[in-house]
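File shown: coords-v8.txt. Contents: compact mmCIF, C-alpha atoms and all ligand atoms.
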# COMPACT_ATOMS: atom_id res chain seq x y z
CA MET A 1 -13.23 -18.35 -21.59
CA ALA A 2 -12.36 -18.75 -18.10
CA LYS A 3 -14.44 -21.37 -16.44
CA THR A 4 -12.37 -21.60 -13.37
CA TRP A 5 -11.16 -18.07 -13.15
CA TYR A 6 -13.36 -15.19 -12.18
CA PRO A 7 -13.66 -12.71 -9.37
CA VAL A 8 -15.13 -13.62 -6.03
CA ILE A 9 -16.28 -10.59 -4.11
CA ASN A 10 -15.97 -10.47 -0.40
CA TYR A 11 -19.17 -8.59 0.29
CA LEU A 12 -18.21 -8.05 3.86
CA THR A 13 -15.39 -5.75 2.90
CA CYS A 14 -16.77 -4.44 -0.39
CA VAL A 15 -17.90 -0.86 -0.12
CA ASP A 16 -20.01 -0.85 -3.28
CA CYS A 17 -17.85 1.71 -4.99
CA GLY A 18 -18.51 0.15 -8.37
CA THR A 19 -14.95 0.51 -9.57
CA CYS A 20 -14.69 -3.12 -10.57
CA VAL A 21 -17.95 -3.08 -12.49
CA VAL A 22 -16.95 0.02 -14.41
CA LYS A 23 -13.38 -1.02 -15.05
CA CYS A 24 -13.98 -4.47 -16.43
CA PRO A 25 -14.38 -4.18 -20.20
CA HIS A 26 -15.50 -7.79 -20.54
CA GLU A 27 -18.98 -7.60 -19.09
CA VAL A 28 -18.17 -10.00 -16.34
CA TYR A 29 -20.18 -7.97 -13.90
CA ASP A 30 -23.88 -7.37 -14.01
CA THR A 31 -24.23 -3.69 -14.87
CA GLU A 32 -27.86 -3.67 -13.81
CA LYS A 33 -26.82 -4.29 -10.26
CA ALA A 34 -24.07 -1.66 -10.33
CA PRO A 35 -22.47 -0.27 -8.28
CA SER A 36 -22.83 -3.54 -6.41
CA PRO A 37 -20.50 -6.03 -8.02
CA VAL A 38 -22.32 -9.18 -9.05
CA VAL A 39 -20.51 -11.64 -11.23
CA LYS A 40 -22.82 -12.40 -14.09
CA ASN A 41 -20.67 -13.81 -16.87
CA PRO A 42 -17.82 -15.67 -15.27
CA GLU A 43 -16.95 -17.22 -18.65
CA SER A 44 -16.05 -13.82 -20.07
CA CYS A 45 -13.45 -13.11 -17.45
CA ILE A 46 -9.91 -13.09 -18.74
CA ASP A 47 -7.68 -15.66 -17.15
CA HIS A 48 -5.16 -14.10 -14.78
CA CYS A 49 -6.28 -10.57 -15.62
CA HIS A 50 -6.49 -9.29 -12.02
CA ASP A 51 -7.53 -5.87 -13.28
CA CYS A 52 -10.56 -5.41 -11.10
CA GLY A 53 -8.81 -6.82 -8.05
CA ASN A 54 -5.91 -4.47 -8.53
CA ARG A 55 -8.27 -1.54 -8.60
CA CYS A 56 -10.50 -2.44 -5.69
CA PRO A 57 -9.76 0.12 -2.99
CA VAL A 58 -10.48 -2.28 -0.14
CA GLY A 59 -9.00 -5.49 -1.47
CA ALA A 60 -12.36 -7.25 -1.60
CA ILE A 61 -11.70 -9.18 -4.79
CA THR A 62 -9.99 -12.52 -5.08
CA TYR A 63 -10.21 -15.09 -7.85
CA VAL A 64 -11.40 -18.61 -8.10
CA GLY A 65 -8.58 -20.77 -9.28
CA ASP A 66 -5.89 -18.20 -8.68
CA ASP A 67 -2.62 -20.04 -8.48
CA THR A 68 -0.36 -17.05 -8.92
CA GLY A 69 0.08 -16.14 -5.30
CA TRP A 70 -1.45 -12.78 -6.07
CA THR A 71 -2.93 -11.01 -3.08
CA PRO A 72 -5.28 -8.07 -3.27
CA PRO A 73 -3.56 -4.74 -2.76
CA ASN A 74 -5.42 -4.26 0.46
CA GLY A 75 -6.82 -0.87 1.22
CA GLU A 76 -4.03 0.80 -0.68
CA GLN A 77 -5.35 2.55 -3.68
CA THR A 78 -2.63 2.50 -6.24
CA ALA A 79 -2.41 5.82 -7.93
CA GLU A 80 -2.89 5.26 -11.60
CA GLU A 81 -0.49 7.94 -12.65
CA PRO A 82 2.17 9.18 -10.35
CA CYS A 83 2.22 12.95 -10.33
CA CYS A 84 5.87 13.09 -11.15
CA SER A 85 8.95 10.99 -11.38
CA CYS A 86 11.01 12.61 -8.69
CA GLY A 87 10.16 9.90 -6.24
CA CYS A 88 8.50 12.23 -3.77
CA GLU A 89 5.33 10.17 -3.66
CA ALA A 90 6.90 6.78 -3.80
CA THR A 91 8.35 6.64 -0.33
CA PRO A 92 7.09 3.61 1.52
CA GLU A 93 5.10 4.43 4.59
CA LYS A 94 7.48 3.83 7.39
CA LYS A 95 10.58 5.38 6.06
CA VAL A 96 11.81 8.87 6.61
CA ILE A 97 14.39 10.26 4.32
CA ILE A 98 15.93 13.51 5.41
CA GLU A 99 18.03 15.19 2.82
CA TYR A 100 20.17 18.19 3.36
CA LEU A 101 21.17 19.87 0.16
CA TYR A 102 23.76 22.60 0.41
CA LEU A 103 26.18 24.58 -1.63
CA ASP A 104 29.18 24.56 0.59
CA LEU A 105 30.15 23.39 4.04
CA GLN A 106 33.60 24.84 4.21
CA THR A 107 33.01 28.50 4.06
CA CYS A 108 29.36 29.36 4.13
CA ASP A 109 28.27 30.30 7.64
CA ARG A 110 24.70 29.70 6.79
CA CYS A 111 25.14 26.25 5.36
CA ILE A 112 27.44 25.24 8.18
CA GLY A 113 25.12 26.75 10.76
CA THR A 114 22.08 25.02 9.34
CA ASP A 115 24.03 21.81 9.10
CA ASN A 116 24.90 21.98 12.77
CA VAL A 117 21.37 22.73 13.82
CA LEU A 118 20.01 19.96 11.65
CA ASP A 119 22.54 17.52 13.09
CA GLU A 120 21.41 18.36 16.58
CA VAL A 121 17.77 18.04 15.67
CA MET A 122 18.37 14.71 13.97
CA LEU A 123 20.31 13.47 16.96
CA THR A 124 17.22 13.97 19.07
CA LEU A 125 14.59 12.99 16.54
CA THR A 126 16.14 9.87 15.05
CA PRO A 127 15.78 7.72 18.18
CA ALA A 128 12.22 8.96 18.60
CA LEU A 129 11.29 8.21 15.01
CA GLU A 130 12.95 4.83 15.22
CA LEU A 131 11.00 4.14 18.35
CA ALA A 132 7.87 4.88 16.39
CA GLY A 133 8.91 2.25 13.90
CA TYR A 134 10.35 4.48 11.25
CA GLU A 135 13.47 3.84 9.35
CA VAL A 136 15.49 7.03 9.22
CA GLU A 137 17.83 7.92 6.46
CA TYR A 138 19.79 11.10 6.79
CA LYS A 139 21.69 12.28 3.79
CA LYS A 140 23.81 15.30 3.13
CA ILE A 141 24.46 16.12 -0.43
CA GLU A 142 26.67 18.87 -1.67
CA MET A 143 25.30 20.52 -4.75
CA GLU A 144 28.70 20.64 -6.30
CA THR A 145 27.80 21.20 -9.87
CA ALA A 146 24.95 22.67 -11.80
CA GLU A 147 24.16 19.18 -13.16
CA LEU A 148 23.83 17.76 -9.68
CA ALA A 149 21.64 20.66 -8.66
CA GLU A 150 19.40 20.07 -11.59
CA GLN A 151 19.20 16.41 -10.87
CA TYR A 152 18.05 17.15 -7.36
CA ARG A 153 15.79 19.96 -8.46
CA PHE A 154 17.67 22.16 -6.12
CA LEU A 155 15.87 25.43 -5.55
CA SER A 156 17.64 27.28 -2.89
CA SER A 157 20.54 26.72 -0.55
CA PRO A 158 20.33 25.24 1.93
CA THR A 159 17.38 22.92 1.39
CA ILE A 160 16.06 20.41 3.83
CA ARG A 161 13.78 17.75 2.46
CA VAL A 162 11.74 15.17 4.24
CA ASN A 163 10.72 12.32 1.98
CA GLY A 164 11.53 14.44 -1.02
CA GLN A 165 9.54 17.45 0.04
CA ASP A 166 10.97 20.76 1.03
CA ILE A 167 10.13 21.62 4.61
CA CYS A 168 9.72 25.24 3.63
CA LYS A 169 6.79 26.10 1.53
CA SER A 170 8.37 29.13 0.00
CA VAL A 171 11.77 30.15 -1.10
CA ALA A 172 12.88 33.35 0.51
CA GLU A 173 16.40 34.49 0.02
CA ASN A 174 18.72 37.28 0.73
CA SER A 175 22.22 38.03 -0.32
CA CYS A 176 24.73 35.60 1.10
CA GLY A 177 28.14 37.00 1.66
CA CYS A 178 29.96 33.68 1.82
CA CYS A 179 28.46 32.15 -1.24
CA SER A 180 28.95 35.38 -3.09
CA ASP A 181 32.59 35.17 -2.16
CA ILE A 182 32.84 31.60 -3.33
CA SER A 183 31.53 32.42 -6.71
CA GLY A 184 32.75 35.97 -6.95
CA THR A 185 29.25 37.10 -7.84
CA GLU A 186 26.27 38.30 -5.91
CA VAL A 187 24.47 35.15 -4.69
CA ASP A 188 21.41 34.85 -2.53
CA CYS A 189 20.89 32.14 0.01
CA ARG A 190 17.86 31.01 1.80
CA VAL A 191 16.30 32.63 4.77
CA PHE A 192 13.98 30.57 6.92
CA GLU A 193 10.78 32.07 8.06
CA TYR A 194 9.39 30.85 11.31
CA ASN A 195 6.78 32.35 13.60
CA GLY A 196 6.98 35.65 11.84
CA ASP A 197 10.73 36.02 12.02
CA SER A 198 13.33 35.40 9.38
CA TYR A 199 16.41 33.41 10.14
CA GLU A 200 19.55 32.87 8.13
CA VAL A 201 20.19 29.80 10.20
CA PRO A 202 16.94 28.08 11.09
CA PRO A 203 16.12 27.60 14.78
CA LYS A 204 15.97 24.07 16.12
CA GLU A 205 12.26 24.22 16.89
CA MET A 206 11.53 25.11 13.34
CA LEU A 207 13.39 22.14 11.92
CA ALA A 208 12.03 19.70 14.45
CA GLU A 209 8.51 20.88 13.92
CA ALA A 210 8.84 20.81 10.16
CA ILE A 211 10.29 17.32 10.10
CA LEU A 212 7.70 15.91 12.43
CA ASN A 213 4.91 17.57 10.52
CA ALA A 214 6.20 16.20 7.28
CA VAL A 215 6.48 12.71 8.73
CA PHE A 216 3.14 12.63 10.44
CA GLY A 217 1.37 14.31 7.62
CA GLN A 218 -0.15 17.32 9.28
CA VAL A 219 1.07 19.59 6.59
CA GLU A 220 0.01 19.06 3.05
CA ILE A 221 2.85 20.21 0.96
CA GLY A 222 1.85 20.11 -2.62
CA CYS A 223 4.02 18.39 -5.11
CA SER A 224 6.23 21.23 -6.19
CA CYS A 225 8.25 19.33 -8.67
CA SER A 226 6.18 19.44 -11.81
CA LYS A 227 8.32 22.08 -13.40
CA TYR A 228 11.88 22.69 -12.57
CA GLU A 229 14.52 24.92 -13.84
CA LEU A 230 17.73 25.78 -12.13
CA PRO A 231 17.05 29.17 -10.59
CA GLU A 232 18.96 32.09 -12.09
CA ASN A 233 20.53 32.76 -8.76
CA LEU A 234 22.10 29.34 -8.61
CA LYS A 235 23.14 29.46 -12.22
CA THR A 236 25.08 32.56 -11.36
CA PHE A 237 26.66 30.75 -8.48
CA TYR A 238 27.84 27.83 -10.53
CA VAL A 239 29.07 29.98 -13.39
CA GLY A 240 30.92 32.15 -10.96
CA LYS A 241 32.30 29.17 -9.06
CA LYS A 242 33.60 27.67 -12.26
CA SER A 243 35.32 30.80 -13.42
CA LYS A 244 36.86 31.26 -10.01
CA SER A 245 38.13 27.76 -9.68
CA GLY A 246 41.14 28.71 -11.72
CA CYS A 247 42.39 29.77 -8.32
CA SER A 248 44.79 27.38 -6.64
CA CYS A 249 42.49 26.74 -3.71
CA GLY A 250 39.73 25.23 -5.79
CA GLY A 251 37.20 27.93 -5.25
CA SER A 252 37.07 27.94 -1.48
CA CYS A 253 39.57 30.60 -0.88
CA CYS A 254 37.22 33.22 0.50
CA MET B 255 -16.28 -2.81 -32.13
CA SER B 256 -17.95 -5.31 -34.44
CA LEU B 257 -14.72 -7.19 -34.58
CA PHE B 258 -14.66 -7.33 -30.86
CA GLY B 259 -18.18 -8.69 -30.72
CA LYS B 260 -17.31 -11.32 -33.24
CA LYS B 261 -14.33 -12.43 -31.28
CA ASN B 262 -16.46 -12.73 -28.22
CA LYS B 263 -18.95 -14.89 -30.01
CA ASN B 264 -16.28 -17.17 -31.26
CA GLU B 265 -14.97 -17.56 -27.82
CA LYS B 266 -18.33 -18.46 -26.53
CA THR B 267 -19.05 -21.16 -29.06
CA THR B 268 -15.75 -22.80 -28.38
CA SER B 269 -15.69 -22.12 -24.70
CA CYS B 270 -16.82 -25.56 -23.58
CA CYS B 271 -13.90 -27.87 -23.61
CA CYS B 272 -16.00 -30.92 -24.34
CA GLY B 273 -19.10 -29.62 -26.10
CA GLY B 274 -21.12 -32.28 -24.34
CA ASN B 275 -19.51 -35.19 -26.11
CA CYS B 276 -16.10 -35.05 -24.64
CA ASP B 277 -14.43 -38.40 -24.15
CA ALA B 278 -13.30 -37.61 -20.64
CA GLU B 279 -16.67 -38.62 -19.31
CA SER B 280 -16.12 -37.68 -15.70
CA MET B 281 -15.15 -34.24 -16.83
CA ALA B 282 -18.40 -33.79 -18.69
CA LYS B 283 -20.30 -35.07 -15.73
CA ALA B 284 -18.56 -32.67 -13.43
CA GLU B 285 -19.26 -29.82 -15.81
CA SER B 286 -22.90 -30.64 -16.26
CA SER B 287 -23.49 -31.16 -12.61
CA LYS B 288 -22.49 -27.56 -12.15
CA THR B 289 -25.75 -26.49 -13.72
CA GLU B 290 -27.84 -29.27 -12.29
CA GLY B 291 -29.12 -29.81 -8.82
CA ALA B 292 -29.81 -27.25 -6.18
CA SER B 293 -28.85 -23.68 -6.90
CA VAL B 294 -26.94 -23.43 -3.68
CA LYS B 295 -24.05 -25.76 -3.14
CA VAL B 296 -21.46 -26.27 -0.54
CA LEU B 297 -18.20 -27.68 -1.75
CA GLY B 298 -15.97 -29.45 0.68
CA SER B 299 -14.73 -32.79 1.71
CA GLY B 300 -17.30 -33.18 4.44
CA CYS B 301 -15.31 -31.99 7.39
CA ALA B 302 -16.67 -30.00 10.30
CA LYS B 303 -16.01 -26.75 8.52
CA CYS B 304 -18.13 -27.43 5.50
CA ASN B 305 -20.89 -28.80 7.66
CA GLN B 306 -20.82 -25.54 9.53
CA LEU B 307 -21.00 -23.63 6.29
CA GLU B 308 -23.86 -25.77 5.09
CA ALA B 309 -25.79 -25.13 8.28
CA ALA B 310 -25.22 -21.40 7.95
CA ALA B 311 -26.33 -21.44 4.34
CA LYS B 312 -29.45 -23.36 5.22
CA ALA B 313 -30.35 -20.95 7.98
CA ALA B 314 -29.75 -18.05 5.63
CA LEU B 315 -32.02 -19.48 2.95
CA GLN B 316 -34.66 -20.13 5.53
CA GLN B 317 -34.56 -16.59 6.82
CA LEU B 318 -34.87 -15.23 3.32
CA GLY B 319 -37.72 -17.59 2.55
CA MET B 320 -35.85 -19.25 -0.27
CA ASP B 321 -35.65 -22.87 -1.29
CA THR B 322 -33.44 -24.48 1.32
CA THR B 323 -32.23 -27.36 -0.79
CA ILE B 324 -28.48 -27.43 -0.61
CA ASP B 325 -26.19 -29.74 -2.48
CA HIS B 326 -23.18 -30.82 -0.60
CA VAL B 327 -20.48 -31.64 -3.10
CA THR B 328 -17.78 -33.82 -1.69
CA ASP B 329 -16.48 -35.37 -4.87
CA PHE B 330 -13.09 -33.98 -5.49
CA SER B 331 -13.26 -33.97 -9.28
CA GLN B 332 -16.46 -31.98 -9.07
CA ILE B 333 -14.94 -29.55 -6.65
CA ALA B 334 -11.94 -29.16 -8.91
CA ALA B 335 -14.23 -28.38 -11.84
CA TYR B 336 -15.07 -25.14 -10.08
CA GLY B 337 -11.46 -24.17 -9.87
CA ILE B 338 -11.60 -24.19 -6.12
CA MET B 339 -8.34 -24.54 -4.31
CA THR B 340 -9.44 -23.95 -0.77
CA THR B 341 -12.56 -25.41 0.76
CA PRO B 342 -15.17 -24.99 2.02
CA ALA B 343 -16.68 -23.05 -0.81
CA LEU B 344 -20.13 -21.70 -1.43
CA VAL B 345 -21.63 -21.78 -4.89
CA ILE B 346 -24.75 -19.88 -5.80
CA ASP B 347 -26.33 -20.34 -9.21
CA GLY B 348 -23.24 -21.98 -10.60
CA LYS B 349 -20.83 -19.33 -9.40
CA VAL B 350 -18.39 -19.50 -6.59
CA VAL B 351 -19.17 -16.63 -4.25
CA SER B 352 -16.91 -17.54 -1.40
CA TYR B 353 -14.14 -19.98 -0.74
CA GLY B 354 -11.79 -20.88 2.05
CA LYS B 355 -14.10 -19.32 4.59
CA VAL B 356 -16.67 -20.60 7.02
CA LEU B 357 -19.32 -17.96 6.64
CA LYS B 358 -21.78 -17.01 9.31
CA THR B 359 -25.49 -17.01 8.60
CA GLU B 360 -25.63 -13.23 8.30
CA GLU B 361 -22.77 -13.31 5.88
CA VAL B 362 -24.51 -15.81 3.66
CA ILE B 363 -27.65 -13.68 3.82
CA LYS B 364 -25.67 -10.67 2.69
CA ILE B 365 -24.21 -12.57 -0.23
CA LEU B 366 -27.58 -13.97 -1.24
CA GLN B 367 -29.13 -10.53 -1.17
CA LYS B 368 -26.36 -9.16 -3.32
CA VAL B 369 -26.25 -11.77 -6.00
CA ARG B 370 -29.94 -12.45 -6.39
S1 LIG C 1 -10.26 -10.08 -13.84
FE1 LIG C 1 -10.32 -8.73 -15.61
S2 LIG C 1 -11.74 -9.68 -17.04
FE2 LIG C 1 -12.06 -10.63 -15.05
S3 LIG C 1 -13.68 -9.46 -14.10
FE3 LIG C 1 -11.79 -8.53 -13.44
S4 LIG C 1 -11.37 -6.91 -14.90
FE4 LIG C 1 -12.92 -8.24 -15.80
S1 LIG C 2 -13.98 -2.37 -6.46
FE1 LIG C 2 -14.02 -3.52 -4.55
S2 LIG C 2 -15.15 -2.20 -3.14
FE2 LIG C 2 -15.55 -1.43 -5.19
S3 LIG C 2 -17.43 -2.44 -5.75
FE3 LIG C 2 -15.78 -3.71 -6.54
S4 LIG C 2 -15.41 -5.20 -4.92
FE4 LIG C 2 -16.64 -3.59 -4.04

Can you turn what I pasted into structure tokens?
Ligand code: SF4
Ligand code: SF4
Amino acid sequence: MAKTWYPVINYLTCVDCGTCVVKCPHEVYDTEKAPSPVVKNPESCIDHCHDCGNRCPVGAITYVGDDTGWTPPNGEQTAEEPCCSCGCEATPEKKVIIEYLYLDLQTCDRCIGTDNVLDEVMLTLTPALELAGYEVEYKKIEMETAELAEQYRFLSSPTIRVNGQDICKSVAENSCGCCSDISGTEVDCRVFEYNGDSYEVPPKEMLAEAILNAVFGQVEIGCSCSKYELPENLKTFYVGKKSKSGCSCGGSCC
Amino acid sequence: MSLFGKKNKNEKTTSCCCGGNCDAESMAKAESSKTEGASVKVLGSGCAKCNQLEAAAKAALQQLGMDTTIDHVTDFSQIAAYGIMTTPALVIDGKVVSYGKVLKTEEVIKILQKVR
């Protein structure tokens, strides 16, 4: 019974998608006129419901008598169910989070090498991205333990993620001498494939291109995080690292 | 589902706060005047903006060949009865279809075509 609360459609922005008509379970809208939204039974509208307005893709709905300070979520279609909870889809528009996930930066040539290249790339890209109005966050996280790796859904070392998404679409690995030494077992590390060649340490162009593509959305990288299990390869690493850490040097004695 | 329907009905019968014999007389008047008078109303204190809106609405009705009678509601208690917080507002057939905006003639035409 809302006499002074019901939707007012801005027909100049409304695109006649019919979402509001379909979504309102209270017969506020005239279904005969659908998909055009025409308020037929304003009395049936539920006070402060906002449901239709929250769903309108173009923010065309406001409410008579709204005193809540609510504003239509303009143009942004809120996904009803996020595809996963890893946060990869929840990054606000103008923020770039670069994460570098690695196994070791003391001994592993490949991790250190990639780290250096990434540093250089970031040194050049950060000012450019900031100039474009982006906030840049650059994080390096050592995947010290198996728990941490699982938490980060770590797939392969080293991993570079832009806004939660791996810049490499596939995981290709070959045996890594250093990491094998660290753990005392045979461990594979990532190889980066770029322009038909494989690199143990990725070239600068590759990283720069991948980061920019990820930021400016030219590459659709699917959400790869629906299922995760610590890869066997990494399990081996952590098990091996643990058993080796009895050594006085804490496991980095190779 | 039947339960739901019942609930709805109940709501409807009790939905009017005064039922026509409410003691707050001005309230009842304001309520009833919502359904009386011209089907197109402009709500607003009478400033330049609502006069502009009224003119646009008139032109729109004319172009569509509809009855051009427009009520201009300036009484604040009546305006408040619509739940309006920002004027000028346009009311068509008892429903607020726009508020806080001075619409252009074409815009009013578009609204009229949609809601009628
Ligand atoms: S606010 Fe809620 S009850 Fe009112 S029209 Fe929208 S969806 Fe229906
Ligand atoms: S949801 Fe928005 S765009 Fe879609 S019909 Fe309703 S008012 Fe128009």

Proximity check chain A to ligand LIG 1 (chain C), 8 Å, nearest pairs one decimal Å, all atoms listed in the file, as a tab-separated table:
residue	atom	partner	partner_atom	distance
A:Trp5	CA	C:LIG1	FE2	7.7
A:Tyr6	CA	C:LIG1	FE2	5.5
A:Pro7	CA	C:LIG1	S3	5.7
A:Cys20	CA	C:LIG1	S4	6.6
A:Val21	CA	C:LIG1	S3	7.8
A:Lys23	CA	C:LIG1	S4	6.2
A:Cys24	CA	C:LIG1	S4	3.9
A:Pro25	CA	C:LIG1	FE4	6.2
A:His26	CA	C:LIG1	FE4	5.4
A:Glu27	CA	C:LIG1	FE4	6.9
A:Val28	CA	C:LIG1	S3	5.0
A:Tyr29	CA	C:LIG1	S3	6.7
A:Val39	CA	C:LIG1	S3	7.7
A:Pro42	CA	C:LIG1	S3	7.6
A:Ser44	CA	C:LIG1	S2	6.7
A:Cys45	CA	C:LIG1	FE2	3.7
A:Ile46	CA	C:LIG1	S2	4.2
A:Asp47	CA	C:LIG1	S1	7.0
A:His48	CA	C:LIG1	S1	6.6
A:Cys49	CA	C:LIG1	S1	4.4
A:His50	CA	C:LIG1	S1	4.3
A:Asp51	CA	C:LIG1	S4	4.3
A:Cys52	CA	C:LIG1	FE3	4.1
A:Gly53	CA	C:LIG1	FE3	6.4
A:Tyr63	CA	C:LIG1	S1	7.8

Handout entry: Two-atom distance - atom CA of B:Gln367, atom CA of B:Asp321 (Å)
Key = 14.0 Å

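Note that the spacing between atom CA of A:Tyr138 and atom CA of A:Leu212 amounts to 14.2 Å.
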
Exercise for the section: For a cut-off of 6 Å around (-15.7, -29.9, 2.1), file coordinates, pick out all residues using all atoms listed in the file and list them as a ChimeraX atom specification. Expected result: /B:297-301,304,328,341-342

Show me, as a CSV table (one decimal) with C-alpha atoms, in the frame of the given file, every residue of chain B with an atom at most 6 Å from chain A, counting all atoms listed in the file.
chain,number,residue,atom,x,y,z
B,269,SER,CA,-15.7,-22.1,-24.7
B,336,TYR,CA,-15.1,-25.1,-10.1
B,337,GLY,CA,-11.5,-24.2,-9.9
B,338,ILE,CA,-11.6,-24.2,-6.1
B,351,VAL,CA,-19.2,-16.6,-4.2
B,369,VAL,CA,-26.2,-11.8,-6.0

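Across the model, the gap from atom CA of A:Lys94 to atom CA of A:Lys139 is 16.9 Å.
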
Exercise for the section: Produce as a ChimeraX atom specification the set of residues near ligand LIG 2 (chain C), where near means within 6 Å with all atoms listed in the file considered. Expected result: /A:9,14-20,36-37,56-58,60-61

Store the residues of this selection in a file with C-alpha atoms, as a PDB file, keeping the file's coordinate frame.
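Writing the result to result23.pdb gives the following:
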ATOM      1  CA  ILE A   9     -16.280 -10.590  -4.110  1.00  0.00           C
ATOM      2  CA  CYS A  14     -16.770  -4.440  -0.390  1.00  0.00           C
ATOM      3  CA  VAL A  15     -17.900  -0.860  -0.120  1.00  0.00           C
ATOM      4  CA  ASP A  16     -20.010  -0.850  -3.280  1.00  0.00           C
ATOM      5  CA  CYS A  17     -17.850   1.710  -4.990  1.00  0.00           C
ATOM      6  CA  GLY A  18     -18.510   0.150  -8.370  1.00  0.00           C
ATOM      7  CA  THR A  19     -14.950   0.510  -9.570  1.00  0.00           C
ATOM      8  CA  CYS A  20     -14.690  -3.120 -10.570  1.00  0.00           C
ATOM      9  CA  SER A  36     -22.830  -3.540  -6.410  1.00  0.00           C
ATOM     10  CA  PRO A  37     -20.500  -6.030  -8.020  1.00  0.00           C
ATOM     11  CA  CYS A  56     -10.500  -2.440  -5.690  1.00  0.00           C
ATOM     12  CA  PRO A  57      -9.760   0.120  -2.990  1.00  0.00           C
ATOM     13  CA  VAL A  58     -10.480  -2.280  -0.140  1.00  0.00           C
ATOM     14  CA  ALA A  60     -12.360  -7.250  -1.600  1.00  0.00           C
ATOM     15  CA  ILE A  61     -11.700  -9.180  -4.790  1.00  0.00           C
TER      16      ILE A  61
END

Exercise for the section: Using all atoms listed in the file, determine which residues lie at most 12 Å from A:Asp188, disregarding the query and same-chain residues fewer than 3 positions distant; provide the list as a PyMOL selection string. Expected result: chain A and resi 103+108+110+155-158+171-183+185+191+200+231-237
